[in-house]
Amino acid sequence: MTGTTTKSTQMIRFLGFVSLLCGVLIVGAHVASQSRIRVNQEEILRESLAQLLPGMTRQVIYIVTPTGELTPAASGESSDKRIFAGFDAGGKFLGVVLEASERGYADVISAMYAYSPASKTITGFSVLEMKETPGLGNKIGSDPEFLANFKALDTTHPVAAVKHGKKTNPWEIDAISGATISSRAVGRMLAASVQEMAPIIARHRDRIERGN
Amino acid sequence: MKETAPNPFINGLWRQNPTFVQILGMCPTLAITNSVQNAIAMGLATAFVLICSNGLIAAIRKHVPKQVRIATYIAIIATAVTVTDYLVKAISISVYKALGPFIPLIVANCLVLERAEGFAAKKPVIPSMMDGAGMGLGFAFGLTCLGTVREVLGAGTFLGIHLFGPNFEPWVLFLLPPGGFISLAIWLLIFASYRERKDRRERARAALLTVQPAEAQS
Amino acid sequence: MSGTTIIEVRTSPHLHGPMTVETIMRHVIYALLPIAAFFSWHFGLSAALLLAVTTAGCVLAEHTACRLSGKRSTVNDYSAAITGLLLGLTLPPGLPLWMAVVGCLVAILPGKLLFGGLGSNVFNPALVGRAFLQAAFPVAVTNYTPGLAANRFVEFIPSTWAVPLMKPAPLNDWLAKVAVDGFTGATPLAMQKFDHIYSELGPLLWGLGPGSLPGCLILLCGAYLVARGMMDWRITASMIAGAAATGGIFHLVNPALYPDPVWVVFTGGLLLGATFMATDPVASPVTPRGMWIYGLLMGVLTVLIRNLGGLPEGVMYAILFGNALSPLIDRLTPPRPYGARKAQVPQ
Amino acid sequence: MNFFGAERFFGPKRLWRGIHVPEHKEQTAHLPIRRLPFPPLLIVPLSQHAGKPAKAIVHEGQEVVRGEPIAEADGLMSVPMHAPATGRVERIAPAPSAKGELTPAIYIRPYPGASQEVLYGAEQNIDQMTPAQVVAAVQATGVVGLGGAAFPTHVKLKVPEGKKIDTVVVNGCECEPYLTTDHRVMVEYPRQVLHGARIAMRAVGADRAVVGVEDNKPDALAALRAANGDRPGILIEAVAAKYPQGAEKMLVKVLLGREIPSGGLPADVGLAVFNVATLAQIGELLPHRQGLIERVVTIAGPAVRKPGNYLIPLGTPLRWALEQAGCTDQAVSVVLGGPMMGAAVGSFDIPLTKGVTGVLVLAKGGANGEAHVFPCIHCAACVNVCPLQLDPSHLGLLARKDRYEEMETVYHLNDCFECGCCSYVCPAHIPLVQYFRVAKQMNRERKARS
Amino acid sequence: MNESLGHIFVDAFLINNFVLCVFLGMCSFLGLSSKVSTAWRMGVSVIFVITVSAILSYGTNLILVAFHAEYLRLITYIVIIAATVQLTEMFIKKKSPELFRELGIYLPLITTNCAVLAVPLFQTARGYNLLQSTVFALAASGGYCMAMVLLALVRERTELSDVPSLARGTALTLVLASILSMAFMGFAGMGGGG
Amino acid sequence: MTEFLIAGGIMGAMGATLAAVLAFADKKLYVYEDPRIDEVEGLLPKANCGACGCAGCRAFAEKAVKGEIAPGKCTVNSPEGVAAVAALLQIDAGTEERRVARLACAGGPHVARHRALYVGLPTCRAAALVNGGAKGCSWGCLGLGDCERVCSFQAIRMSGHSLPVVSESLCTACGDCVEVCPKQLFSLHAVSHRLWVACRNLADGAQAEADCEVACTACGRCAVDAPGGLIQIVNNLAVIDYGRNSLASPVPTQRCPTGAIVWFEKDQGPLRGPEAKRITRQSPLPVRAADLPTQRATSSYEGMHL
Ligand SMILES: Cc1cc2nc3c(=O)[nH]c(=O)nc-3n(C[C@H](O)[C@H](O)[C@H](O)COP(=O)(O)O)c2cc1C
Ligand SMILES: Cc1cc2nc3c(=O)[nH]c(=O)nc-3n(C[C@H](O)[C@H](O)[C@H](O)COP(=O)(O)O)c2cc1C
Ligand SMILES: Cc1cc2nc3c(=O)[nH]c(=O)nc-3n(C[C@H](O)[C@H](O)[C@H](O)COP(=O)(O)O)c2cc1C
Ligand SMILES: Cc1cc2nc3c(=O)[nH]c(=O)nc-3n(C[C@H](O)[C@H](O)[C@H](O)CO)c2cc1C
Ligand code: SF4
Ligand code: SF4
Ligand code: SF4
Ligand code: SF4
Ligand code: FES
């Protein structure tokens with residue numbers, strides 16, 4: 001082979017063929033694993049919802065249109081703004097779960113929280129994705145003391161985080177010591193999200209609670 | 001002359017260890033090793049890709065035109081990686097989440113292409129797969145070493161088991177980027193001092209064996 | 001001498017000036033002592049112990065490492081002691097001593113000796129140690145206790161004695177006992193940044209806020225070194241100028257959010273950094289123009305990090321960044337040799 | 001201390017960089033020039049100057065008269081030698097030199113009791129000579145730069161093709177510590193200095209001369225000013241004392257604000273620079289068509305018994321001169337020239353030549369004491385004092401790693417004139433100048449090889 | 001997401017610097033940073049390759065989305081990168097053989113520089129438009145180039161000192177990188193927060 | 001199924017397009033480089049020592065492929081390596097006799113006097129610039145080991161008497177020591193040049209011996225013992241004419257009184273003749289007590305040796 005230039009057509013044919021083969025292989029893997037992956041993803045979603053709304057077995061997903069209307073969404077598809085309504089085995093409405101995100105210490109924190117339209121409180125909080133400092137900022141997803149803030153966080157007043165040990169009002173979040181920035185980001189995130197979503201939910205409360 | 005490597009498997013595992021000797025595949029080495037579990041998973045995923053791609057490339061090595069060889073190898077590697085990606089996703093979403101964006105980046109792990117070019121392109125299928133396995137496991141070994149330092153110091157745990165009790169003050173740094181660099185440096189220093197001590201011993205032995213060159217003997 | 005003098009041949013110059021590295025370093029220590037004394041007086045026993053531990057830790061680390069590698073110990077050039085003192089001065093007084101020791105080891109081993117010892121390190125060793133601690137133990141390192149507590153000469157801050165590798169016990173009880181009113185544990189900078197509470201400027205000049213050292217005393221000690229020709233004033237001056245100017249611009253844009261230049265200069269570690277750390281000759285440029293650029297850059301960066309970043313304090317990062325850039329600055333600002341048409345930038 | 005450099009703006013003209021060195025001139029500055037007796041044997045090397053060695057024109061056993069030429073110039077870059085004493089040529093053979101190698105020399109044994117009077121020479125009228133004739137006459141005197149470089153003076157008097165010289169600069173700075181030869185020459189022979197300056201002005205066609213004298217020699221300034229009176233053409237200027245103001249590049253910058261281009265000559269900026277002693281010799285010798293046979297040498301230093309300025313016949317062995325002045329047993333090294341630039345010698349059998357401005361005997365435990373060399377701490381002291389605005393710090397670091405080529409191409413090594421300021425101030429006691437000398441030598445050899 | 005261009009730039013250049021904070025492109029960062037001249041040439045080559053391949057991948061992605069063949073992203077991106085690199089390599093070899101010799105084995109390895117692949121993947125994941133993608137590519141590769149040059153500068157400086165034999169080589173480089181990365185932590189949170 | 005078609009279509013099309021682009025670029029931008037250069041380079045020892053006279057191993061490989069230099073010119077390569085290169089290029093190996101560096105001085109401080117104490121940078125280069133070094137013999141080795149430091153092959157080791165000792169097996173004749181020595185004491189010689197004058201002192205016999213006990217005093221005995229013209233006395237020094245090396249034998253060393261002329265036996269270093277002075281001293285000679293004129297005593301002047 002040394003020194004001889006390979007014919008161009010041969011190169012084209014070879015690479016074309018290899019690529020084609022690769023493409024087919026990949027599609028094969030894609031098709032073969034697709035259903036399993038979907039099941040997995042739904043499982044994950046349900047688990048995280050169930051964590052926020054204990055006892056939940058069924059969820060209904062709505063997409064919020066830009067005009068503030070709701071349309072039901074096929075499960076598993078991600079889109080802009082979603083509302084998950086959760087029901088227990090007996091079909092009882094448990095509350096809604098909303099998504100929110102905000103810039104934290106290192107990067108955007110995205111999270112889900114449970115909201116009770118009846119009591120106008122936040123009843124649960126879990127982080128989906130963050131790059132906060134491990135051992136510090138990332139405690140917002142794991143620190144029991146911090147998560148205890150979200151047992152019944154009043155939203156009638158704008159939510160805000162205050163320094164550790166300084167919580168006095170029901171709408172305040174007691175920040176994690178040493179991670180005030182991340183904690184405040186959570187506060188801002190919830191405040192903004194509730195401010196936007198609460199009226200929409202209030203408007204469609206009946207429909208959501210009915211689950212259609 | 002190319003040294004006659006006795007066994008491509010051992011070669012990759014120790015003598016030519018990709019992490020500590022060749023310093024290849026550094027991105028996952030540094031990025032994924034903040035827990036031992038991630039390190040092992042990433043190492044195994046890479047080993048799997050290496051075995052597949054080395055085998056495939058060795059199989060077609062005789063037919064590849066020189067000018068498109070890189071593109072071909074890369075396409076094959078990418079296929080192997082995409083397949084792995086789907087596999088991991090199908091097996092466990094939580095592992096997939098931990099390895100994050102780094103599985104697709106196995107494609108670009110220099111180690112994989114280096115082995116394709118440096119070994120699989122020249123050798124038959126079986127030794128190539130052996131080499132892939134050796135390198136891959138060597139890589140996994142390297143990652144685990146690093147992961148151990150980082151997890152033990154950074155979180156006080158090993159594979160999630162608490163080692164020092166609940167009051168341990170974690171060294172957050174080791175979970176952060178600088179800690180990755182430092183941990184690898186620590187391992188390299190350990191190996192270097194080991195090698196230096198060995199060298200010194202060998203030199204001392206050699207000095208005993210050689211006759212001192214005579215200086216103007218009378 | 002019985003007339004059998006052995007004559008020596010040497011190269012010119014046959015005279016030498018009075019300065020030696022050892023004298024310079026010794027005088028830097030003299031200049032740091034008043035500051036260390038203030039620190040100990042202000043925070044009490046724990047602070048004094050912290051300084052003693054960091055200084056001894058650095059000196060011992062260097063001595064032992066030299067001996068282990070079979071070299072002559074280099075501690076008698078006093079530079080390790082400076083590193084220790086400065087490291088101690090940048091740490092909160094109640095820091096667990098085991099963490100301080102970790103800081104010393106990091107400052108001296110990877111920060112200095114790994115590069116080849118005195119003169120070879122690229123980064124300021126004390127700041128390498130401090131940056132390591134800050135990243136490893138961010139909570140402990142930003143946790144300031146109140147100064148001037150009544151019992152400061154009688155008892156240690158409890159966290160000082162934390163068990164190695166373990167968390168220090170919470171300070172709440174102790175704080176309640178010393179009963180300092182309205183103490184928040186935050187430095188003036190952190191309070192300004194996160195809570196927009198301005199401390200009064202007056203006490204800051206005299207170093208009476210938590211976590212801050214007396215600006216005027218630091219400047220005075222620096223002036224002593226400058227007067228003895230042992231320190232370059234250009235870096236200090238340009239760093240302060242850079243910080244003040246940048247701070248001024250921010251202040252003009254949004255006076256409510258950003259503090260005024262005087263406040264900027266006298267808070268945090270800026271003066272200590274500009275006077276004793278940015279000027280560490282080893283890690284700073286040698287060319288005259290380079291020094292100006294270096295100082296300005298660090299001043300500007302400090303304020304940018306403070307005002308825009310997530311951290312209240314930026315001096316340490318600014319100086320480390322400046323250290324990294326100093327080889328580049330040296331290259332880009334060669335002095336114009338006598339008789340050359342223009343300075344040539346080496347490739 | 002030099003706080004903000006404010007003193008730059010007051011007082012006489014001064015050098016910006018450079019250093020203040022303890023002067024130690026009080027030891028000899030007040031002592032008039034005295035003659036030294038002839039040694040039993042004189043050794044006159046054929047190469048006492050920069051350039052080609054002279055060619056001997058005497059043979060062994062020949063009798064010579066004091067002042068008589070004994071060697072002739074070999075081409076333009078060379079000067080003749082004259083017999084320093086009346087006596088007999090004992091042999092023509094290699095002799096040790098200050099560089100350490102053997103160089104050919106004429107050994108003359110003076111007759112015992114020979115007179116110090118110069119019997120050789122004839123009057124000549126300079127005013128009627130063309131510049132070219134003046135240059136030739138200067139060459140015949142064998143005068144070379146007595147400021148230390150020993151560069152043949154007539155070469156400097158010959159204006160290069162296409163250049164014009166407007167000013168003669170007379171260098172009376174003598175910035176080196178201990179040395180007072182130029183000082184005494186200016187005090188005792190001001191008329192000769194000025195006469196020499198006028199000869200130089202004529203030769204190069206300049207209508208102006210500037211004499212630069214450091215302000216630590218007020219008596220020299222006074223003597224020159226008195227001798228000059230109010231004759232125009234020669235300006236006598238005081239400059240603030242600082243080392244190395246005497247280097248021509250510095251002096252020219254301080255006095256006239258001109259910078260000699262890197263690698264260039266004073267003629268490139270319309271100047272010619274001469275040492276006062278050089279001009280004094282020309283002013284003295286040229287009218288009588290005599291040759292250079294002796295020079296003033298300062299013998300000083302902490303370990304000298306009888307320091308002073310001695311008029312020494314060229315070729316006097318160092319040992320003789322030292323025996324006349326006497327050393328204490330504190331002596332530990334002997335330096336030819338000033339302490340900043342002079343070379344230490346390891347042998348006393350070498351002769352004193354035209355370029356030797358002083359002999360210093362340094363004592364134990366002086367500033368020259370043993371010191372621990374630290375690593376460079378980048379303190380920039382050297383950068384701040386280097387009069388040529390180089391970067392000795394980087395040069396030193398590169399030299400340690402044998403990166404000689406880079407020193408030359410990137411850091412202007414060849415501009416360094418080895419003044420020693422950087423080594424003097426370096427707190428780490430790094431022998432920077434020695435590094436630079438080695439580097440230059442290695443570069444020269446590398447170039448010669450390729 | 002609707003991030004401003006300035007924010008994208010600062011984020012990718014400083015705050016989440018590809019090399020020092022995200023660990024991408026490590027191998028060449030550690031391997032090619034011993035000389036400033038090599039480092040910055042490599043940096044510029046990477047800027048070129050990343051920017052070109054980011055734009056090409058953007059187009060490719062449009063096609064893939066149109067055909068609902070997103071699963072082919074990885075392979076198409078990497079093959080495009082490989083081709084770009086190979087073209088660059090041929091070009092450099094033709095125009096500047098000595099640069100080619102200097103970059104030596106690392107030129108083909110740009111292909112396997114994770115940073116190069118990461119840019120198209122990230123830009124797709126974050127849904128950047130063409131302009132945002134280009135800015136992102138420039139910032140990320142510029143950040144890579146800057147980190148490379150910084151490391152090379154400090155490494156060149158250590159060459160003038162007597163580094164203990166134990167640490168000579170990669171260990172020292174890693175320590176330098178780690179301190180640099182600590183210094184970069186100062187920029188963390190610059191994007192928002194407090 | 002459509003998925004397979006689409007994927008196959010996209011990938012096939014892309015592969016073909018890129019291959020076409022590459023093929024086109026390959027035609028336009030192709031630079032021919034003999035692949036054998038890489039292969040030869042792979043067979044070289046990569047010492048980049050320059051002993052072959054080329055700027056590094058790759059330059060050697062380029063020249064070797066072009067046939068401008070024989071593979072054997074790389075003296076560092078093992079014989080098998082040379083043979084492999086030759087076989088690859090299908091040419092003659094072209095062997096060259098191995099050369100080694102030889103030192104023309106044997107005057108360690110235990111036999112050669114120093115006239116002063118040198119204080120300064122501990123390198124020969126630096127010492128030589130101060131008054132030619134402090135050694136009495138101004139031609140001799142300064143013993144500060146520049147050659148040892150510069151040798152990249154660890155072939156030079158300073159002996160207990162501060163004299164460099166060259167290992168015949170390690171030396172690659174790269175010439176670095178020849179260049180670095182300020183006294184030019186090294187030269188490269190074929191290993192078969194075994195008769196050797198280990199001195200450069202040009203001073204006359206008495207002076208030379210006063211400076212160094214093992215100096216060549218130009219007594220001429222070796223010249224008399226050597227067959228026709230092999231050794232001549234030039235400028236107070238014995239000089240060997242290596243053009244007549246075939247005549248050389250250890251005989252001329254037999255009667256040398258100082259042992260300045262030696263015979264290199266392989267792996268035994270330099271051997272002196274039986275009549276050479278026995279040197280039992282191990283410690284350095286004292287630096288000559290300087291006759292520094294500490295008194296004003298004109299009479300001591302007769303001590304001047306001229
Ligand atoms: C390396 C490092 C990482 C940090 N990471 C976070 C973080 O993820 N989240 C956070 O809120 N603060 C983080 N911080 C701390 C903040 O800078 C700031 O000091 C803290 O939020 C102030 O909280 P405090 O008022 O409770 O002390 C970090 C600090 C350092 C030095
Ligand atoms: C190679 C060379 C050529 C020179 N040619 C001239 C010349 O043509 N005219 C002149 O005035 N000086 C000439 N000089 C003299 C220098 O300008 C300078 O005066 C001399 O080197 C001594 O200066 P120093 O004592 O500062 O080293 C020459 C010097 C050298 C080294
Ligand atoms: C560092 C340095 C210092 C010098 N100091 C003096 C000095 O003090 N007096 C002097 O006459 N020449 C001094 N020279 C020599 C001058 O540069 C120049 O060569 C001399 O004045 C020319 O005159 P000449 O050729 O008549 O000697 C010095 C040179 C150097 C490099
Ligand atoms: C003016 C001056 C400032 C110094 N500042 C520091 C410093 O900030 N940190 C430090 O570790 N050493 C400092 N040193 C000591 C010494 O330079 C330092 O340890 C070197 O970096 C060690 O190589 C300083 C020395 C001087 C003369
Ligand atoms: S570098 Fe040269 S010119 Fe500059 S101070 Fe040093 S010796 Fe003098
Ligand atoms: S004076 Fe000495 S220590 Fe200071 S920068 Fe110069 S060489 Fe380095
Ligand atoms: S430096 Fe001298 S001894 Fe060493 S290999 Fe080269 S020639 Fe031989
Ligand atoms: S042989 Fe030359 S280089 Fe080697 S020690 Fe002797 S003088 Fe120095
Ligand atoms: S693994 Fe990322 S560049 Fe090598």
# chains A, B, ... in the order shown; residues from 1 in each chain; ligands from 1

call {"tool": "interface_residues", "arguments": {"of": "chain E", "to": "chain B", "cutoff": "8 Å", "atoms": "only C-alpha atoms", "output": "JSON, numbers by chain"}}
result
{"E": [20, 21, 22, 23, 24, 25, 26, 27, 74, 75, 78, 79, 82, 83, 109, 111, 112, 113, 114, 117, 118, 166, 167, 170, 171, 172, 174, 175, 177, 178, 179, 181, 182]}

call {"tool": "residues_near_ligand", "arguments": {"ligand": "ligand 1", "cutoff": "7 Å", "atoms": "only C-alpha atoms and all ligand atoms", "output": "PDB file with C-alpha atoms, in the first residue's frame"}}
result
ATOM      1  CA  TYR A 105     -24.096  28.948  43.005  1.00  0.00           C
ATOM      2  CA  ALA A 106     -22.454  27.044  40.185  1.00  0.00           C
ATOM      3  CA  GLU A 132     -23.854  22.882  43.344  1.00  0.00           C
ATOM      4  CA  THR A 133     -20.771  22.129  45.345  1.00  0.00           C
ATOM      5  CA  PRO A 134     -20.867  18.605  46.684  1.00  0.00           C
ATOM      6  CA  LEU A 136     -22.205  22.185  50.502  1.00  0.00           C
ATOM      7  CA  GLY A 137     -24.660  23.512  48.000  1.00  0.00           C
ATOM      8  CA  ASN A 138     -25.810  20.074  47.025  1.00  0.00           C
ATOM      9  CA  LYS A 163     -29.867  32.706  57.050  1.00  0.00           C
ATOM     10  CA  HIS A 164     -29.590  29.541  59.016  1.00  0.00           C
ATOM     11  CA  ILE A 176     -28.257  25.709  54.960  1.00  0.00           C
ATOM     12  CA  SER A 177     -25.339  27.119  56.855  1.00  0.00           C
ATOM     13  CA  GLY A 178     -22.473  27.667  54.449  1.00  0.00           C
ATOM     14  CA  ALA A 179     -24.700  27.349  51.420  1.00  0.00           C
ATOM     15  CA  THR A 180     -26.812  30.434  51.706  1.00  0.00           C
ATOM     16  CA  ILE A 181     -26.442  31.201  48.032  1.00  0.00           C
ATOM     17  CA  SER A 182     -27.884  27.890  46.966  1.00  0.00           C
ATOM     18  CA  SER A 183     -30.627  28.155  49.552  1.00  0.00           C
TER      19      SER A 183
ATOM     20  CA  LEU B 173     -12.068  19.929  47.605  1.00  0.00           C
TER      21      LEU B 173
ATOM     22  CA  GLN C 134     -11.108  27.211  51.530  1.00  0.00           C
ATOM     23  CA  ALA C 135     -12.067  24.638  48.944  1.00  0.00           C
ATOM     24  CA  PRO C 138     -15.452  26.086  53.054  1.00  0.00           C
ATOM     25  CA  VAL C 139     -17.628  26.357  56.108  1.00  0.00           C
ATOM     26  CA  THR C 142     -15.437  31.333  56.470  1.00  0.00           C
ATOM     27  CA  ASN C 143     -16.664  30.982  60.024  1.00  0.00           C
ATOM     28  CA  ALA C 186     -20.168  36.979  58.829  1.00  0.00           C
ATOM     29  CA  ALA C 190     -20.159  38.934  53.539  1.00  0.00           C
ATOM     30  CA  GLY C 310     -20.543  34.096  44.295  1.00  0.00           C
ATOM     31  CA  LEU C 311     -17.950  34.692  46.957  1.00  0.00           C
ATOM     32  CA  PRO C 312     -17.679  37.727  49.197  1.00  0.00           C
TER      33      PRO C 312
ATOM     34  CA  MET E 185     -12.971  28.642  41.493  1.00  0.00           C
TER      35      MET E 185
END

call {"tool": "residues_near_ligand", "arguments": {"ligand": "ligand 5", "cutoff": "10 Å", "atoms": "only C-alpha atoms and all ligand atoms", "output": "PyMOL selection string"}}
result
(chain C and resi 12-13+337-338) or (chain D and resi 17-19+244+340-341+381-396+411-426+431-437)

call {"tool": "interface_residues", "arguments": {"of": "chain A", "to": "chain B", "cutoff": "9 Å", "atoms": "only C-alpha atoms", "output": "ChimeraX atom specification"}}
result
/A:1,5-7,10-12,14-15,18-19,22-23,25-26,28-30,33-41,44,133-136

call {"tool": "write_last_selection", "arguments": {"atoms": "N, CA and C atoms", "output": "CSV table (one decimal), in the first residue's frame"}}
result
chain,number,residue,atom,x,y,z
A,1,MET,N,0.8,-1.2,0.0
A,1,MET,CA,0.0,0.0,0.0
A,1,MET,C,0.9,1.2,0.0
A,5,THR,N,-1.6,6.1,-4.0
A,5,THR,CA,-2.8,6.8,-3.5
A,5,THR,C,-4.0,5.9,-3.9
A,6,THR,N,-4.8,5.7,-2.9
A,6,THR,CA,-6.0,4.9,-3.2
A,6,THR,C,-6.9,5.6,-4.1
A,7,LYS,N,-7.6,4.9,-4.9
A,7,LYS,CA,-8.6,5.4,-5.8
A,7,LYS,C,-9.7,6.1,-5.0
A,10,GLN,N,-12.9,4.3,-4.5
A,10,GLN,CA,-12.8,3.2,-3.5
A,10,GLN,C,-13.0,3.8,-2.1
A,11,MET,N,-12.4,4.9,-1.8
A,11,MET,CA,-12.5,5.6,-0.5
A,11,MET,C,-14.0,5.9,-0.3
A,12,ILE,N,-14.6,6.5,-1.3
A,12,ILE,CA,-16.0,6.9,-1.1
A,12,ILE,C,-16.9,5.7,-0.8
A,14,PHE,N,-16.0,2.8,0.3
A,14,PHE,CA,-15.7,2.2,1.6
A,14,PHE,C,-16.3,2.9,2.8
A,15,LEU,N,-16.1,4.2,2.8
A,15,LEU,CA,-16.5,5.0,4.0
A,15,LEU,C,-18.1,5.0,4.0
A,18,VAL,N,-19.2,1.6,5.3
A,18,VAL,CA,-19.0,1.5,6.8
A,18,VAL,C,-20.0,2.4,7.5
A,19,SER,N,-20.2,3.6,7.1
A,19,SER,CA,-21.1,4.5,7.7
A,19,SER,C,-22.5,3.9,7.7
A,22,CYS,N,-22.8,1.2,10.2
A,22,CYS,CA,-22.8,1.8,11.6
A,22,CYS,C,-24.2,2.3,11.9
A,23,GLY,N,-24.8,3.1,10.9
A,23,GLY,CA,-26.1,3.6,11.0
A,23,GLY,C,-27.1,2.5,11.4
A,25,LEU,N,-26.6,-0.4,12.6
A,25,LEU,CA,-26.3,-1.0,13.9
A,25,LEU,C,-26.9,-0.1,15.0
A,26,ILE,N,-26.7,1.2,14.8
A,26,ILE,CA,-27.2,2.1,15.9
A,26,ILE,C,-28.7,2.1,15.9
A,28,GLY,N,-30.5,-0.3,15.1
A,28,GLY,CA,-30.9,-1.5,15.7
A,28,GLY,C,-30.9,-1.4,17.2
A,29,ALA,N,-29.8,-0.9,17.8
A,29,ALA,CA,-29.8,-0.8,19.2
A,29,ALA,C,-30.8,0.2,19.7
A,30,HIS,N,-31.1,1.2,19.0
A,30,HIS,CA,-32.0,2.2,19.4
A,30,HIS,C,-33.4,1.6,19.5
A,33,SER,N,-33.8,-1.0,22.3
A,33,SER,CA,-33.8,-0.6,23.7
A,33,SER,C,-34.8,0.4,24.0
A,34,GLN,N,-35.5,0.9,22.9
A,34,GLN,CA,-36.4,2.0,23.1
A,34,GLN,C,-37.5,1.8,24.2
A,35,SER,N,-38.2,0.6,24.1
A,35,SER,CA,-39.3,0.4,25.0
A,35,SER,C,-38.8,0.3,26.4
A,36,ARG,N,-37.7,-0.4,26.6
A,36,ARG,CA,-37.2,-0.6,27.9
A,36,ARG,C,-36.8,0.8,28.5
A,37,ILE,N,-36.2,1.6,27.7
A,37,ILE,CA,-35.8,2.9,28.2
A,37,ILE,C,-37.0,3.8,28.6
A,38,ARG,N,-38.0,3.7,27.8
A,38,ARG,CA,-39.2,4.4,28.1
A,38,ARG,C,-39.8,4.0,29.5
A,39,VAL,N,-39.8,2.7,29.6
A,39,VAL,CA,-40.4,2.1,30.9
A,39,VAL,C,-39.5,2.7,32.0
A,40,ASN,N,-38.2,2.6,31.8
A,40,ASN,CA,-37.3,3.1,32.9
A,40,ASN,C,-37.6,4.5,33.2
A,41,GLN,N,-37.7,5.4,32.2
A,41,GLN,CA,-37.9,6.8,32.4
A,41,GLN,C,-39.2,7.1,33.2
A,44,ILE,N,-38.8,6.3,36.7
A,44,ILE,CA,-38.1,7.3,37.4
A,44,ILE,C,-39.1,8.5,37.8
A,133,THR,N,-21.9,22.8,44.8
A,133,THR,CA,-20.8,22.1,45.3
A,133,THR,C,-21.2,20.9,46.2
A,134,PRO,N,-20.6,19.8,45.9
A,134,PRO,CA,-20.9,18.6,46.7
A,134,PRO,C,-20.5,18.9,48.1
A,135,GLY,N,-21.3,18.4,49.0
A,135,GLY,CA,-21.1,18.6,50.4
A,135,GLY,C,-21.5,20.0,50.9
A,136,LEU,N,-21.9,20.8,50.1
A,136,LEU,CA,-22.2,22.2,50.5
A,136,LEU,C,-23.5,22.6,49.9

call {"tool": "interface_residues", "arguments": {"of": "chain C", "to": "chain E", "cutoff": "7 Å", "atoms": "only C-alpha atoms", "output": "ChimeraX atom specification"}}
result
/C:110,114-116,120,122,128,131,194,305,308-310,314,317,320-321,324-325,327-328

call {"tool": "select_by_dssp", "arguments": {"residues": "range 215-337 of chain D", "states": "alpha helix (DSSP H)", "output": "count of residues only"}}
result
38

call {"tool": "residues_near_ligand", "arguments": {"ligand": "ligand 8", "cutoff": "6 Å", "atoms": "only C-alpha atoms and all ligand atoms", "output": "NGL selection string"}}
result
:F and (124 or 141-147 or 164 or 180-183 or 185)

call {"tool": "residues_around", "arguments": {"residues": "Gly172 in chain D", "least_positions_apart": "3", "cutoff": "10 Å", "atoms": "only C-alpha atoms", "output": "ChimeraX atom specification"}}
result
/D:147,169,175,182-183,185-186,193,211-214,217,220-221,236-239,245-246,251,274-277

call {"tool": "atom_distance", "arguments": {"atom1": "atom 18 (C, counted along the ligand's line) of ligand 3", "atom2": "CA of Lys249 in chain D"}}
result
8.1 Å

call {"tool": "residues_near_ligand", "arguments": {"ligand": "ligand 2", "cutoff": "7 Å", "atoms": "only C-alpha atoms and all ligand atoms", "output": "list in words"}}
result
Gly147, Gly148, Ala149, Phe151, Val155, Lys156, Leu157, Lys158, Val159, Pro160, Ala247, Glu248, Leu265, Pro266, Ala267, Ala272 and Val273 of chain D
